[in-house]
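Asks: One structure follows; several queries about it will come next.
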Amino acid sequence: MENQTHVPPKPVTEVWKPEMVSLPRLTLARRVYRFLFGYLVRAFAYSIMSITYTGRENKPKKGPAIIVFNHLGDADAVLNLASFPYNDEVIGKIENSYDHWLVGPALRTYGVIWIHRGQPDRRALRAALDALAEGRIIAIAPEGRQTLTGGLEPGTDGAAFLALKSGAPLIPLALTGTENNNVYGHMKRWRRAKVTWTMGKPFHLNVDSDRRESIHAATRQIMEEIARLLPKEYRGVYDYVQDP
């Protein structure tokens, strides 16, 4: 079971902008933008990080599939956008759509499935399910925020709900070294931070007859699969997980 170490409450989005939540249309213009944006982000990622990749052969070439990853810092988004094909869909907090003068417009043009954290967001879930039904790949951080402890925090149930509802396989992804103090600290010294990107094999959830219990158990299974790919010091509340 999860380690009971105290973890601060999960954040709740303070604004409500449902009109911004939808599945991005893959127009020709958006496809071209994502292709070019991917090259720019990749060049930036390699300029600030020394990346060790493991398990890239586990990345599906087409969906439906759900990539689930741990969330350490701002560089997670850069690393993942540099590593995923341009047709992957990202689920991100809606605050990113307007908080930064550059990041907001760039991500809005890229097309993100925005989600309001800490409250039921049926539009976001519907958009993600529609993406999976169209055979797309989506990426989501089940913790729901950047970790405040340095290790895995308890997962939220969104990824489990999507997997159980759609039947799509999950692919665990573990990141290390992308903490803000590590990446920004190295940037200030004009050095590249050493980071790792490790993708595990696809898996399906163990389904229980009780729906509510199934989602909670499935969330735990998802987080344990991510934990198995991480060094012990990154496993946080899932530090009971044994090495594979």
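Naming works like this for the structure tokens: A, B, ... for the chains as they're shown, residue 1 at the start of each chain, ligands 1 onward in shown order.
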Neighbours of Asn70 in chain A within 8 Å (only C-alpha atoms; same-chain residues fewer than 2 positions away dropped), as a list in words?
Replies: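 The neighbour list is Val68, Leu72, Ala141, Pro142, Glu143, Leu152, Leu173, Ala174, Leu175 and Ile226 of chain A.
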Asks: Just to be explicit: take each residue in the selection above, keep all heavy atoms, and write the result as an mmCIF file, in the first residue's frame.
Replies:
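Output contents, as saved in out_8.cif:
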data_model
loop_
_atom_site.group_PDB
_atom_site.id
_atom_site.type_symbol
_atom_site.label_atom_id
_atom_site.label_comp_id
_atom_site.auth_asym_id
_atom_site.auth_seq_id
_atom_site.Cartn_x
_atom_site.Cartn_y
_atom_site.Cartn_z
ATOM 1 N N VAL A 68 1.778 7.530 -19.356
ATOM 2 C CA VAL A 68 1.663 8.067 -17.994
ATOM 3 C C VAL A 68 3.070 8.291 -17.450
ATOM 4 O O VAL A 68 3.912 7.401 -17.503
ATOM 5 C CB VAL A 68 0.858 7.122 -17.079
ATOM 6 C CG1 VAL A 68 -0.621 7.205 -17.402
ATOM 7 C CG2 VAL A 68 1.323 5.665 -17.192
ATOM 8 N N LEU A 72 8.280 16.034 -12.407
ATOM 9 C CA LEU A 72 9.300 16.594 -11.517
ATOM 10 C C LEU A 72 9.481 18.098 -11.647
ATOM 11 O O LEU A 72 9.784 18.779 -10.671
ATOM 12 C CB LEU A 72 10.648 15.915 -11.778
ATOM 13 C CG LEU A 72 10.754 14.427 -11.430
ATOM 14 C CD1 LEU A 72 12.082 13.870 -11.947
ATOM 15 C CD2 LEU A 72 10.639 14.217 -9.934
ATOM 16 N N ALA A 141 0.189 13.223 -16.740
ATOM 17 C CA ALA A 141 0.907 13.024 -15.478
ATOM 18 C C ALA A 141 -0.138 12.724 -14.407
ATOM 19 O O ALA A 141 -0.838 13.634 -13.956
ATOM 20 C CB ALA A 141 1.715 14.268 -15.114
ATOM 21 N N PRO A 142 -0.270 11.477 -13.966
ATOM 22 C CA PRO A 142 -1.336 11.118 -13.011
ATOM 23 C C PRO A 142 -1.233 11.814 -11.660
ATOM 24 O O PRO A 142 -2.231 11.889 -10.939
ATOM 25 C CB PRO A 142 -1.165 9.604 -12.846
ATOM 26 C CG PRO A 142 -0.409 9.160 -14.050
ATOM 27 C CD PRO A 142 0.489 10.298 -14.400
ATOM 28 N N GLU A 143 -0.036 12.323 -11.298
ATOM 29 C CA GLU A 143 0.085 13.013 -10.013
ATOM 30 C C GLU A 143 -0.705 14.317 -9.987
ATOM 31 O O GLU A 143 -1.041 14.824 -8.920
ATOM 32 C CB GLU A 143 1.555 13.302 -9.709
ATOM 33 C CG GLU A 143 2.385 12.063 -9.430
ATOM 34 C CD GLU A 143 3.856 12.368 -9.457
ATOM 35 O OE1 GLU A 143 4.424 12.466 -10.578
ATOM 36 O OE2 GLU A 143 4.457 12.497 -8.378
ATOM 37 N N LEU A 152 7.497 10.389 -6.055
ATOM 38 C CA LEU A 152 6.115 10.226 -6.507
ATOM 39 C C LEU A 152 5.119 10.588 -5.408
ATOM 40 O O LEU A 152 5.261 10.174 -4.265
ATOM 41 C CB LEU A 152 5.875 8.781 -6.936
ATOM 42 C CG LEU A 152 6.439 8.340 -8.289
ATOM 43 C CD1 LEU A 152 6.238 6.837 -8.477
ATOM 44 C CD2 LEU A 152 5.797 9.110 -9.428
ATOM 45 N N LEU A 173 6.202 5.897 -18.184
ATOM 46 C CA LEU A 173 7.383 6.677 -18.523
ATOM 47 C C LEU A 173 7.948 7.303 -17.262
ATOM 48 O O LEU A 173 7.215 7.937 -16.506
ATOM 49 C CB LEU A 173 7.022 7.778 -19.532
ATOM 50 C CG LEU A 173 8.093 8.802 -19.877
ATOM 51 C CD1 LEU A 173 9.302 8.135 -20.520
ATOM 52 C CD2 LEU A 173 7.520 9.876 -20.805
ATOM 53 N N ALA A 174 9.236 7.099 -17.025
ATOM 54 C CA ALA A 174 9.887 7.616 -15.816
ATOM 55 C C ALA A 174 10.953 8.633 -16.200
ATOM 56 O O ALA A 174 11.809 8.371 -17.053
ATOM 57 C CB ALA A 174 10.526 6.468 -15.033
ATOM 58 N N LEU A 175 10.907 9.798 -15.555
ATOM 59 C CA LEU A 175 11.871 10.870 -15.792
ATOM 60 C C LEU A 175 12.686 11.104 -14.528
ATOM 61 O O LEU A 175 12.145 11.071 -13.426
ATOM 62 C CB LEU A 175 11.147 12.159 -16.182
ATOM 63 C CG LEU A 175 10.105 12.066 -17.297
ATOM 64 C CD1 LEU A 175 9.411 13.412 -17.482
ATOM 65 C CD2 LEU A 175 10.739 11.602 -18.601
ATOM 66 N N ILE A 226 5.017 3.038 -12.898
ATOM 67 C CA ILE A 226 5.973 4.143 -13.057
ATOM 68 C C ILE A 226 7.089 4.011 -12.032
ATOM 69 O O ILE A 226 8.273 4.179 -12.356
ATOM 70 C CB ILE A 226 5.257 5.504 -12.896
ATOM 71 C CG1 ILE A 226 4.199 5.693 -13.986
ATOM 72 C CG2 ILE A 226 6.270 6.660 -12.938
ATOM 73 C CD1 ILE A 226 3.329 6.931 -13.796
#
Asks: Which polymer residues have any atom within 8 Å of an atom of Val207 in chain A, counting only C-alpha atoms, with same-chain residues fewer than 3 positions away left out, as a list of chain:residue names?
Replies: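 Neighbouring residues, sequence-local ones excluded: A:Leu164, A:Ser214, A:Ala218.
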Asks: Go ahead and save the residues from that selection, with N, CA and C atoms, as a compact mmCIF listing (two decimals), in the first residue's frame.
Replies:
# COMPACT_ATOMS: atom_id res chain seq x y z
N LEU A 164 -9.74 2.54 -18.29
CA LEU A 164 -10.83 1.60 -18.07
C LEU A 164 -11.99 1.87 -19.04
N SER A 214 -12.29 -0.37 -8.56
CA SER A 214 -11.46 -0.63 -9.73
C SER A 214 -10.60 0.57 -10.07
N ALA A 218 -6.72 0.64 -9.94
CA ALA A 218 -6.05 0.87 -11.22
C ALA A 218 -5.07 2.03 -11.12
Asks: Would you mind listing what lies within 6 Å of range 45-61 of chain A as a PyMOL selection string, with only C-alpha atoms counted and same-chain residues fewer than 3 positions away left out?
Replies: chain A and resi 41-42+192-199+201
Asks: Tell me, which residues of range 39-203 of chain A carry DSSP helix (DSSP H, G or I), written as a PyMOL selection string?
Replies: chain A and resi 39-48+56-58+75-83+94-97+103-110+122-133+158-166+180-188
Asks: Can you work out which one of A:Ala227, A:Ala217, A:Val78, A:Val90 has the shortest atom-to-atom distance to Arg136 in chain A, counting only C-alpha atoms?
Replies: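 Using only C-alpha atoms, the shortest distance to Arg136 in chain A belongs to A:Val90.
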Asks: Check range 5-177 of chain A with DSSP on the backbone and list each residue it calls strand (DSSP E), as a PyMOL selection string.
Replies: chain A and resi 49-54+65-69+89-93+113-115+137-140+170-176
